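The next block is protein35.cif, given as mmCIF, C-alpha atoms.
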data_entry
loop_
_atom_site.label_atom_id
_atom_site.label_comp_id
_atom_site.auth_asym_id
_atom_site.auth_seq_id
_atom_site.Cartn_x
_atom_site.Cartn_y
_atom_site.Cartn_z
CA MET T 5 15.25 67.98 -7.65
CA ARG T 6 13.18 64.84 -7.72
CA LYS T 7 15.39 63.41 -10.47
CA ILE T 8 18.51 64.22 -8.47
CA ALA T 9 17.01 62.54 -5.41
CA LEU T 10 16.15 59.45 -7.45
CA VAL T 11 19.66 59.27 -8.92
CA SER T 12 21.16 59.75 -5.45
CA SER T 13 18.95 57.00 -4.07
CA LEU T 14 19.90 54.68 -6.95
CA ILE T 15 23.62 55.30 -6.43
CA ASP T 16 23.27 54.77 -2.69
CA SER T 17 21.45 51.46 -3.15
CA THR T 18 23.97 50.30 -5.76
CA LEU T 19 27.00 51.14 -3.64
CA ARG T 20 25.50 49.87 -0.37
CA PRO T 21 26.89 46.30 -0.79
CA THR T 22 30.34 47.73 -1.36
CA ARG T 23 30.08 49.99 1.69
CA VAL T 24 28.90 47.09 3.83
CA LEU T 25 31.81 44.98 2.59
CA ILE T 26 34.36 47.71 3.33
CA ASP T 27 32.80 48.56 6.72
CA SER T 28 32.82 44.92 7.79
CA PHE T 29 36.44 44.62 6.73
CA LEU T 30 37.46 47.73 8.67
CA LYS T 31 35.57 46.61 11.77
CA GLN T 32 37.25 43.20 11.91
CA ALA T 33 39.28 42.77 15.08
CA SER T 34 42.95 42.69 14.24
CA PRO T 35 44.66 39.48 15.34
CA PHE T 36 47.77 41.50 16.14
CA LYS T 37 48.71 44.20 18.60
CA LEU T 38 49.75 47.10 16.40
CA THR T 39 52.14 49.95 16.97
CA ALA T 40 51.46 53.31 15.35
CA GLY T 41 51.44 53.03 11.59
CA THR T 42 50.20 50.48 9.11
CA SER T 43 50.83 46.83 9.84
CA THR T 44 53.19 45.02 7.52
CA ASN T 45 52.81 41.63 9.26
CA THR T 46 56.54 41.76 9.88
CA PHE T 47 58.18 41.17 13.24
CA ASP T 48 61.61 40.21 14.53
CA ALA T 49 63.17 37.29 16.37
CA ASP T 50 62.71 38.66 19.89
CA GLU T 51 59.03 39.21 19.21
CA TRP T 52 58.78 35.74 17.71
CA CYS T 53 60.28 34.25 20.87
CA SER T 54 57.84 36.22 23.01
CA HIS T 55 54.95 35.09 20.82
CA ARG T 56 56.07 31.47 20.95
CA GLN T 57 56.60 31.41 24.72
CA ASN T 58 53.56 33.41 25.78
CA MET T 59 51.21 32.63 22.90
CA LEU T 60 50.45 36.33 22.68
CA SER T 61 50.00 38.38 19.53
CA PRO T 62 53.35 39.68 18.22
CA ILE T 63 54.11 43.38 18.24
CA LEU T 64 54.65 44.38 14.66
CA TRP T 65 57.38 46.65 13.41
CA ASP T 66 56.38 50.29 13.16
CA ALA T 67 57.07 50.69 9.49
CA ASP T 68 54.49 52.00 7.09
CA ARG T 69 54.49 51.52 3.35
CA ASP T 70 54.40 55.16 2.36
CA GLU T 71 57.85 55.31 0.81
CA VAL T 72 57.64 51.93 -0.87
CA MET T 73 54.22 52.55 -2.33
CA ARG T 74 54.96 56.15 -3.33
CA THR T 75 56.59 54.88 -6.50
CA ASN T 76 53.41 52.95 -7.20
CA GLY T 77 51.05 55.80 -6.31
CA ARG T 78 49.27 55.82 -9.64
CA GLY T 79 48.56 52.14 -9.34
CA LEU T 80 46.99 52.73 -5.93
CA VAL T 81 44.73 55.48 -7.29
CA ILE T 82 43.69 53.23 -10.17
CA ALA T 83 42.98 50.42 -7.70
CA VAL T 84 40.73 52.67 -5.60
CA LEU T 85 38.86 53.86 -8.70
CA LEU T 86 38.48 50.26 -9.83
CA ILE T 87 36.95 49.30 -6.48
CA VAL T 88 34.43 52.14 -6.78
CA PHE T 89 33.66 51.13 -10.36
CA LEU T 90 33.14 47.51 -9.40
CA GLY T 91 31.01 48.56 -6.47
CA ALA T 92 28.83 50.67 -8.72
CA HIS T 93 28.49 48.22 -11.57
CA ALA T 94 29.07 44.76 -10.22
CA PRO T 95 28.87 44.58 -6.41
CA SER T 96 28.24 40.85 -6.52
CA ALA T 97 31.44 40.35 -8.52
CA LEU T 98 33.42 42.31 -5.93
CA THR T 99 31.99 40.25 -3.11
CA ALA T 100 32.85 37.07 -5.00
CA GLN T 101 36.48 38.20 -5.33
CA ALA T 102 36.85 38.96 -1.61
CA LYS T 103 38.26 35.55 -0.77
CA PRO T 104 40.31 35.31 2.43
CA LEU T 105 44.06 35.21 1.92
CA VAL T 106 45.94 32.14 3.13
CA LYS T 107 48.34 33.00 5.95
CA VAL T 108 51.94 31.83 5.59
CA VAL T 109 54.69 32.47 8.15
CA VAL T 110 57.98 33.08 6.34
CA GLY T 111 61.28 33.68 8.09
CA TYR T 112 64.54 35.25 7.04
CA GLY T 113 67.95 35.63 8.63
CA SER T 114 70.19 38.54 7.75
CA THR T 115 68.62 41.69 6.35
CA ASP T 116 71.36 41.64 3.70
CA GLY T 117 70.25 38.33 2.23
CA GLY T 118 67.17 37.10 0.42
CA VAL T 119 64.90 39.41 2.41
CA ALA T 120 65.31 41.98 -0.39
CA VAL T 121 63.19 39.89 -2.75
CA LEU T 122 60.85 38.63 -0.02
CA GLY T 123 60.33 42.20 1.15
CA PHE T 124 59.75 43.36 -2.40
CA ALA T 125 57.09 40.70 -2.96
CA LYS T 126 55.47 41.67 0.33
CA GLU T 127 55.48 45.43 -0.18
CA THR T 128 54.32 45.35 -3.82
CA ARG T 129 51.57 42.86 -2.92
CA LEU T 130 52.78 40.11 -5.23
CA PHE T 131 52.06 37.57 -2.49
CA GLU T 132 48.53 38.91 -2.14
CA LYS T 133 48.15 38.66 -5.91
CA ARG T 134 48.71 34.93 -5.43
CA GLY T 135 46.22 34.66 -2.58
CA LEU T 136 48.79 34.66 0.23
CA ASP T 137 48.96 36.70 3.41
CA VAL T 138 52.68 36.37 4.11
CA MET T 139 53.99 37.28 7.55
CA LEU T 140 57.73 37.98 7.32
CA VAL T 141 59.63 37.15 10.50
CA GLY T 142 63.14 38.60 10.91
CA MET T 143 65.14 35.99 12.83
CA GLY T 144 68.51 37.78 12.82
CA THR T 145 70.51 34.84 11.50
CA GLY T 146 69.95 31.79 9.35
CA SER T 147 70.70 29.36 12.17
CA VAL T 148 67.86 30.78 14.27
CA SER T 149 65.59 30.56 11.23
CA LEU T 150 66.56 26.92 10.79
CA ARG T 151 65.64 26.02 14.36
CA ALA T 152 62.30 27.78 13.99
CA LEU T 153 61.64 25.96 10.71
CA ILE T 154 62.40 22.57 12.23
CA ALA T 155 60.18 23.45 15.22
CA LYS T 156 57.33 24.23 12.75
CA ASP T 157 57.16 27.86 13.96
CA LEU T 158 58.06 28.89 10.42
CA GLU T 159 56.50 27.32 7.36
CA ILE T 160 58.99 28.64 4.80
CA SER T 161 62.29 30.45 5.34
CA SER T 162 65.21 32.11 3.59
CA LEU T 163 68.36 30.75 5.20
CA SER T 164 71.67 28.94 4.75
CA GLY T 165 71.76 26.22 2.11
CA SER T 166 74.45 24.40 4.07
CA GLY T 167 72.30 24.57 7.22
CA LEU T 168 69.35 22.99 5.44
CA VAL T 169 71.52 20.18 4.05
CA GLN T 170 73.25 19.50 7.37
CA ALA T 171 69.93 19.42 9.20
CA ALA T 172 68.56 16.90 6.69
CA LEU T 173 71.68 14.75 7.07
CA GLN T 174 71.04 14.69 10.80
CA GLY T 175 67.44 13.58 10.41
CA ALA T 176 65.47 16.82 10.09
CA ASP T 177 62.57 17.11 7.64
CA THR T 178 64.14 20.05 5.76
CA VAL T 179 64.29 20.51 1.99
CA ILE T 180 65.49 23.27 -0.34
CA ILE T 181 62.96 24.61 -2.86
CA SER T 182 64.87 27.62 -4.21
CA ALA T 183 68.21 29.45 -4.24
CA LEU T 184 68.38 33.10 -5.21
CA ILE T 185 72.09 33.17 -6.08
CA ASN T 186 74.56 30.53 -7.24
CA GLY T 187 77.82 31.35 -5.48
CA PHE T 188 78.99 33.44 -2.54
CA ILE T 189 78.27 37.15 -2.04
CA PHE T 190 80.46 37.76 1.02
CA LYS T 191 83.58 39.84 1.47
CA VAL T 192 86.20 39.71 4.19
CA PHE T 193 87.30 43.03 5.68
CA GLY T 194 90.09 43.52 8.17
CA ALA T 195 91.67 46.24 10.27
CA PRO T 196 93.69 48.78 8.22
CA GLU T 197 96.98 47.30 9.42
CA ILE T 198 96.12 43.86 7.98
CA SER T 199 97.24 43.95 4.35
CA SER T 200 96.78 40.33 3.24
CA PRO T 201 94.74 37.24 4.15
CA ALA T 202 97.91 35.54 5.42
CA GLN T 203 98.05 38.09 8.24
CA LEU T 204 94.77 36.75 9.62
CA LYS T 205 96.77 34.02 11.37
CA GLY T 206 96.22 34.33 15.12
CA LYS T 207 93.51 36.96 14.63
CA LYS T 208 89.83 37.10 15.62
CA LEU T 209 87.41 36.89 12.68
CA GLY T 210 83.65 37.32 12.98
CA VAL T 211 80.88 35.38 11.24
CA SER T 212 77.13 35.45 11.84
CA ARG T 213 76.71 31.98 13.37
CA TYR T 214 78.64 28.73 13.25
CA GLY T 215 77.28 26.69 10.36
CA ALA T 216 75.77 29.74 8.65
CA THR T 217 76.68 30.57 5.05
CA SER T 218 79.18 33.23 6.17
CA ASP T 219 80.96 30.67 8.36
CA PHE T 220 80.85 27.99 5.67
CA ALA T 221 82.21 30.32 2.98
CA VAL T 222 85.03 31.87 4.98
CA ARG T 223 86.31 28.46 6.06
CA LEU T 224 86.61 27.50 2.39
CA ALA T 225 88.39 30.80 1.71
CA LEU T 226 90.83 30.39 4.60
CA LYS T 227 91.82 26.98 3.28
CA LYS T 228 92.43 28.49 -0.15
CA TRP T 229 94.58 31.18 1.48
CA GLY T 230 96.74 28.51 3.16
CA LEU T 231 95.24 28.82 6.65
CA ASN T 232 93.63 26.18 8.82
CA PRO T 233 90.28 27.61 9.95
CA ASP T 234 90.26 25.45 13.09
CA ARG T 235 93.80 26.21 14.28
CA ASP T 236 95.13 29.36 12.64
CA VAL T 237 92.19 31.74 13.01
CA ASN T 238 89.88 32.38 15.95
CA ILE T 239 86.45 32.37 14.31
CA LEU T 240 83.75 33.90 16.48
CA GLN T 241 79.99 33.96 15.95
CA ILE T 242 78.75 37.51 16.36
CA GLY T 243 75.27 37.90 14.88
CA THR T 244 74.23 39.87 11.83
CA SER T 245 76.60 41.40 9.32
CA GLN T 246 75.91 44.76 10.97
CA ASP T 247 76.82 43.28 14.39
CA THR T 248 80.10 42.04 12.93
CA LEU T 249 80.90 45.50 11.59
CA ARG T 250 80.16 47.13 14.97
CA ALA T 251 82.44 44.60 16.69
CA MET T 252 85.22 45.51 14.24
CA GLN T 253 84.71 49.21 14.91
CA THR T 254 85.10 48.64 18.66
CA LYS T 255 88.19 46.45 18.02
CA MET T 256 86.54 43.35 19.45
CA LEU T 257 87.37 41.72 16.11
CA ASP T 258 90.35 42.01 13.78
CA ALA T 259 88.33 41.04 10.73
CA GLY T 260 84.85 39.98 9.72
CA VAL T 261 82.67 38.57 6.96
CA THR T 262 80.28 41.16 5.50
CA SER T 263 77.65 41.28 2.79
CA GLY T 264 75.18 43.69 1.23
CA THR T 265 75.06 47.15 2.77
CA SER T 266 77.68 46.27 5.39
CA SER T 267 80.42 45.80 2.79
CA LEU T 268 80.37 49.40 1.56
CA ILE T 269 79.93 50.69 5.12
CA ALA T 270 83.06 48.75 6.11
CA ARG T 271 85.01 50.23 3.21
CA LYS T 272 83.84 53.75 4.01
CA ALA T 273 84.84 53.22 7.65
CA GLY T 274 88.42 52.57 6.59
CA PHE T 275 88.60 48.78 6.82
CA ARG T 276 90.65 46.94 4.23
CA GLU T 277 89.06 44.43 1.87
CA LEU T 278 91.03 41.20 2.10
CA GLY T 279 88.99 39.04 -0.22
CA ASP T 280 85.81 38.68 -2.24
CA LEU T 281 84.45 35.19 -1.65
CA ALA T 282 82.73 35.24 -5.03
CA ASP T 283 86.24 34.76 -6.42
CA LEU T 284 86.27 31.23 -5.01
CA GLY T 285 84.31 30.34 -8.15
CA LEU T 286 82.27 27.68 -6.37
CA HIS T 287 78.65 26.69 -6.91
CA TYR T 288 76.66 27.29 -3.74
CA PRO T 289 72.92 27.89 -3.01
CA THR T 290 73.06 31.37 -1.44
CA SER T 291 69.85 32.83 0.01
CA ALA T 292 68.20 29.45 -0.21
CA ILE T 293 64.49 29.06 0.45
CA GLY T 294 63.66 26.05 2.57
CA THR T 295 60.65 24.35 4.03
CA THR T 296 59.89 20.92 5.44
CA LYS T 297 58.93 17.91 3.36
CA SER T 298 55.79 17.41 5.43
CA TYR T 299 54.63 21.01 4.85
CA LEU T 300 55.44 20.77 1.14
CA GLN T 301 53.51 17.53 0.78
CA LYS T 302 50.40 18.99 2.44
CA ASN T 303 50.61 22.42 0.79
CA GLU T 304 52.14 21.91 -2.65
CA GLY T 305 49.68 24.26 -4.36
CA LEU T 306 50.34 27.00 -1.81
CA VAL T 307 54.11 26.64 -2.15
CA LYS T 308 53.77 26.88 -5.92
CA GLU T 309 51.87 30.17 -5.56
CA PHE T 310 54.61 31.38 -3.21
CA MET T 311 57.25 30.51 -5.79
CA LEU T 312 55.35 32.25 -8.60
CA ALA T 313 55.21 35.44 -6.51
CA TYR T 314 58.89 35.07 -5.56
CA ILE T 315 60.01 34.62 -9.18
CA GLU T 316 57.95 37.59 -10.31
CA ALA T 317 59.46 39.65 -7.48
CA ILE T 318 62.98 38.81 -8.71
CA HIS T 319 62.07 40.11 -12.16
CA ASP T 320 60.38 43.25 -10.83
CA PHE T 321 63.16 43.95 -8.31
CA LYS T 322 65.67 44.13 -11.16
CA ARG T 323 63.37 46.28 -13.27
CA ASN T 324 61.99 48.76 -10.71
CA LYS T 325 65.09 50.19 -9.08
CA GLU T 326 63.46 52.97 -7.05
CA THR T 327 60.89 50.64 -5.50
CA ALA T 328 63.66 48.12 -4.80
CA LEU T 329 65.76 50.80 -3.10
CA ALA T 330 62.79 51.81 -0.94
CA VAL T 331 62.36 48.18 0.12
CA LEU T 332 66.08 47.87 0.91
CA LYS T 333 65.95 51.08 2.94
CA LYS T 334 63.05 49.77 4.99
CA TYR T 335 64.33 46.26 5.70
CA THR T 336 68.00 47.15 6.25
CA ARG T 337 67.01 50.30 8.17
CA ASN T 338 69.69 52.22 6.31
CA ASP T 339 68.99 55.50 4.53
CA ASP T 340 72.44 56.06 2.97
CA ARG T 341 71.65 56.26 -0.75
CA GLU T 342 75.20 55.32 -1.78
CA VAL T 343 75.16 52.22 0.41
CA LEU T 344 71.73 51.17 -0.85
CA GLU T 345 72.73 51.71 -4.49
CA ASP T 346 75.85 49.60 -3.99
CA SER T 347 73.90 46.81 -2.33
CA TYR T 348 71.26 46.88 -5.07
CA SER T 349 73.71 46.77 -7.98
CA ASN T 350 75.75 43.95 -6.44
CA ALA T 351 72.72 41.85 -5.57
CA ALA T 352 70.36 42.34 -8.51
CA SER T 353 73.01 41.37 -11.06
CA LYS T 354 73.42 37.98 -9.34
CA TYR T 355 69.76 37.05 -8.87
CA LEU T 356 68.74 34.01 -10.91
CA ALA T 357 65.66 34.34 -13.14
CA LEU T 358 64.76 30.75 -12.20
CA PRO T 359 66.08 30.50 -8.64
CA ILE T 360 66.99 26.86 -8.18
CA PRO T 361 70.21 25.38 -6.76
CA THR T 362 72.62 23.43 -8.93
CA ILE T 363 73.63 19.89 -8.11
CA ASP T 364 77.23 21.13 -7.99
CA GLY T 365 76.15 23.64 -5.33
CA ILE T 366 74.86 20.83 -3.12
CA ARG T 367 78.05 18.85 -3.80
CA THR T 368 80.09 21.83 -2.52
CA ILE T 369 78.21 21.56 0.77
CA LEU T 370 78.50 17.79 1.04
CA THR T 371 82.24 17.86 0.30
CA GLU T 372 82.87 20.39 3.05
CA LEU T 373 80.61 18.61 5.55
CA SER T 374 82.05 15.17 4.88
CA SER T 375 84.93 15.73 7.30
CA THR T 376 82.58 16.27 10.24
CA VAL T 377 79.32 14.60 9.18
CA PRO T 378 79.95 11.01 8.01
CA ALA T 379 76.55 10.74 6.30
CA ALA T 380 77.61 13.48 3.84
CA LYS T 381 80.23 11.29 2.15
CA ASN T 382 77.88 9.06 0.19
CA ALA T 383 74.76 11.23 0.15
CA ASP T 384 72.89 11.85 -3.11
CA PRO T 385 72.82 15.65 -3.74
CA GLU T 386 69.32 15.46 -5.24
CA GLN T 387 67.76 14.21 -2.01
CA PHE T 388 68.14 17.67 -0.43
CA VAL T 389 66.27 19.62 -3.12
CA SER T 390 62.69 19.51 -4.38
CA TYR T 391 62.82 20.56 -8.04
CA LYS T 392 59.23 19.60 -8.90
CA ILE T 393 57.56 23.00 -8.47
CA ALA T 394 60.38 24.99 -10.08
CA ARG T 395 60.44 22.65 -13.07
CA GLU T 396 56.66 22.92 -13.47
CA ILE T 397 56.92 26.72 -13.45
CA GLU T 398 59.73 26.58 -15.98
CA ALA T 399 57.79 24.22 -18.24
CA SER T 400 54.73 26.49 -18.12
CA GLY T 401 56.71 29.29 -19.76
CA PHE T 402 56.01 31.69 -16.87
CA VAL T 403 59.62 32.87 -16.50
CA LYS T 404 60.13 33.15 -20.24
CA ARG T 405 57.02 35.30 -20.59
CA LEU T 406 58.13 37.65 -17.82
CA TYR T 407 61.39 38.49 -19.56
CA GLU T 408 59.94 38.44 -23.08
CA ASN T 409 57.38 41.05 -22.04
CA GLU T 410 60.16 43.15 -20.59
CA GLY T 411 62.01 43.01 -23.91
CA ARG T 412 58.92 44.13 -25.84
CA GLU T 413 58.31 47.05 -23.49
CA ARG T 414 61.88 48.26 -23.90
CA LYS T 415 61.43 48.34 -27.66
#
For the structure just supplied, provide its representation as structure tokens.
Amino acid sequence: MRKIALVSSLIDSTLRPTRVLIDSFLKQASPFKLTAGTSTNTFDADEWCSHRQNMLSPILWDADRDEVMRTNGRGLVIAVLLIVFLGAHAPSALTAQAKPLVKVVVGYGSTDGGVAVLGFAKETRLFEKRGLDVMLVGMGTGSVSLRALIAKDLEISSLSGSGLVQAALQGADTVIISALINGFIFKVFGAPEISSPAQLKGKKLGVSRYGATSDFAVRLALKKWGLNPDRDVNILQIGTSQDTLRAMQTKMLDAGVTSGTSSLIARKAGFRELGDLADLGLHYPTSAIGTTKSYLQKNEGLVKEFMLAYIEAIHDFKRNKETALAVLKKYTRNDDREVLEDSYSNAASKYLALPIPTIDGIRTILTELSSTVPAAKNADPEQFVSYKIAREIEASGFVKRLYENEGRERK
């Protein structure tokens, strides 16, 4: 009994630093007002506005990680065992590793856009792996995200490439650091009685916001279809892709631009597909990631860590389908497996391993803007993109190693 007591005492004294560390962590006052469930540091545009106006803590979405992390359950068990092991054998090492994460406020517009990869990086803790505590802020549309970015309420954001370029042309401090897809991912759906794009003349067509990627893309498409977007079609800004679909279902719109989960929902609801904007064959920085030049200059190392996590998330999103579907279900708030599968297959196949915009993609934007923004006519496309971090990551072999390792594992 004495030996058992001695062993028990030894274990207790060895684990005490770990217990103290965990207890102090659990007792820390949360900087946020939480709803029931585990915080994901994710809140929406209305909450952001309330936070900005009242300087109060935002109310976080009530969305736990159970479903997302279920597919990684073994990893969680291993992590817990590892913590116990480290506490028992090297408590000082554990304490040394407990460095505070750097908070970064990251926005996104539509839930059908780049939020899939951002959400994946958040839920699978890839940001934390890089020392970042990323707060994802759902802004509803890219144009709202852009205003928040310019106002310094967001530090990084996924939004419209054309919006970032136009803002820079008009004197804003915005710059593109990444683009998830090269090309358009939108589709145009119309009422069942509309059988061709030509029949959109005189009709009401919904986009998310004026100047957003959906608006930019459909105007190019209408021109290709022989229609003048300013005179022949009544383009209305509605909100998210889901809002556009609801407006079509209530006959407030004759047609609308959809993407992601909304495209299959529109088809299943009986609307007719009038065009796939990917068929335009144009270079364009879809789901661009933007920041401000001043933030980038002061936080280049942080932004590089963000990009490393983002690039790894792209790779893992493609490779871990079930986890990706769980993330899509959470962030789109849609539990239709068929819709989620369709969104996943369409998106993942288009994600770039090294997500940087092409110069031709920026030229597409400048060409279209030149008729309304004089400064676009002679602008240098490279002035709107910071390639430095992406090129450094490419030169380091990080992306190559990710996909080489995947090839070896498959063998």
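Here CA of Thr336 in chain T stands at a distance of 15.3 Å from CA of Ser349 in chain T.
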Applying the PyMOL selection byres ((chain T and resi 236) around 12) to the file I just gave you, which residues come out? Please list them as a CSV table (one decimal) with C-alpha atoms, keeping the file's coordinate frame.
chain,number,residue,atom,x,y,z
T,201,PRO,CA,94.7,37.2,4.2
T,202,ALA,CA,97.9,35.5,5.4
T,203,GLN,CA,98.0,38.1,8.2
T,204,LEU,CA,94.8,36.8,9.6
T,205,LYS,CA,96.8,34.0,11.4
T,206,GLY,CA,96.2,34.3,15.1
T,207,LYS,CA,93.5,37.0,14.6
T,208,LYS,CA,89.8,37.1,15.6
T,209,LEU,CA,87.4,36.9,12.7
T,223,ARG,CA,86.3,28.5,6.1
T,226,LEU,CA,90.8,30.4,4.6
T,227,LYS,CA,91.8,27.0,3.3
T,229,TRP,CA,94.6,31.2,1.5
T,230,GLY,CA,96.7,28.5,3.2
T,231,LEU,CA,95.2,28.8,6.6
T,232,ASN,CA,93.6,26.2,8.8
T,233,PRO,CA,90.3,27.6,10.0
T,234,ASP,CA,90.3,25.4,13.1
T,235,ARG,CA,93.8,26.2,14.3
T,237,VAL,CA,92.2,31.7,13.0
T,238,ASN,CA,89.9,32.4,16.0
T,239,ILE,CA,86.4,32.4,14.3
Find the residues of range 230-256 of chain T that sit at most 12 Å from range 139-160 of chain T; for each, write down the nearest two atoms and how far apart they are in Å, to one decimal. Count all atoms listed in the file. Sort by chain, then by number going up, and give it as a tab-separated table.
residue	atom	partner	partner_atom	distance
T:Gln241	CA	T:Thr145	CA	10.5
T:Ile242	CA	T:Thr145	CA	9.9
T:Gly243	CA	T:Thr145	CA	6.6
T:Thr244	CA	T:Gly144	CA	6.2
T:Ser245	CA	T:Thr145	CA	9.2
T:Gln246	CA	T:Gly144	CA	10.3
T:Asp247	CA	T:Gly144	CA	10.1
For CA of Leu370 in chain T and CA of Ser166 in chain T, determine how far apart the two atoms are, in Å to one decimal place.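 Rounded to one decimal, the two atoms are 8.3 Å apart.
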Output of the PyMOL selection byres ((chain T and resi 268-272) around 12), listed as a ChimeraX atom specification: /T:190-196,245-253,259-267,273-278,338-350
In terms of the shortest atom-to-atom distance over all atoms listed in the file, which of T:Arg395, T:Leu373, T:Phe131, T:Asn409 is closest to Phe220 in chain T? T:Leu373
Option closest in space to Leu224 in chain T, from T:Val121, T:Ile293, T:Ile397, T:Ile369 [counting only C-alpha atoms]: T:Ile369
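Residue nearest Thr178 in chain T within the list T:His319, T:Lys381, T:Lys297, T:Arg367: T:Lys297 [criterion: smallest interatomic distance, all atoms listed in the file].
Nearest to Phe310 in chain T of all the residues T:Ala225, T:Ala120, T:Leu281, T:Val108 is T:Val108, counting only C-alpha atoms.
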For a quick check of understanding, using all atoms listed in the file, which of T:Ile363, T:Ala357, T:Leu284, T:Val106 has the smallest distance to Tyr314 in chain T? T:Ala357
For the provided coordinates, the residues matched by the PyMOL selection byres ((chain T and resi 358) around 9) should be stated as a PDB file with C-alpha atoms, keeping the file's coordinate frame.
ATOM      1  CA  SER T 182      64.870  27.620  -4.210  1.00  0.00           C
ATOM      2  CA  ALA T 183      68.210  29.450  -4.240  1.00  0.00           C
ATOM      3  CA  LEU T 184      68.380  33.100  -5.210  1.00  0.00           C
ATOM      4  CA  ILE T 315      60.010  34.620  -9.180  1.00  0.00           C
ATOM      5  CA  ILE T 318      62.980  38.810  -8.710  1.00  0.00           C
ATOM      6  CA  TYR T 355      69.760  37.050  -8.870  1.00  0.00           C
ATOM      7  CA  LEU T 356      68.740  34.010 -10.910  1.00  0.00           C
ATOM      8  CA  ALA T 357      65.660  34.340 -13.140  1.00  0.00           C
ATOM      9  CA  PRO T 359      66.080  30.500  -8.640  1.00  0.00           C
ATOM     10  CA  ILE T 360      66.990  26.860  -8.180  1.00  0.00           C
ATOM     11  CA  ALA T 394      60.380  24.990 -10.080  1.00  0.00           C
ATOM     12  CA  ILE T 397      56.920  26.720 -13.450  1.00  0.00           C
ATOM     13  CA  GLU T 398      59.730  26.580 -15.980  1.00  0.00           C
ATOM     14  CA  VAL T 403      59.620  32.870 -16.500  1.00  0.00           C
TER      15      VAL T 403
END
Between CA of Gln387 in chain T and CA of Leu286 in chain T, what is the distance in Å, rounded to a tenth?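 These atoms are spaced 20.3 Å apart.
Residues within 12 Å of Leu136 in chain T, counting all atoms listed in the file and excluding same-chain residues fewer than 3 positions away, are T:Lys103, T:Pro104, T:Leu105, T:Val106, T:Lys107, T:Val108, T:Val109, T:Val110, T:Ala125, T:Lys126, T:Arg129, T:Leu130, T:Phe131, T:Glu132, T:Lys133, T:Met139, T:Leu140, T:Gly305, T:Leu306, T:Val307, T:Lys308, T:Glu309, T:Phe310, T:Met311, T:Leu312, T:Ala313, T:Tyr314.
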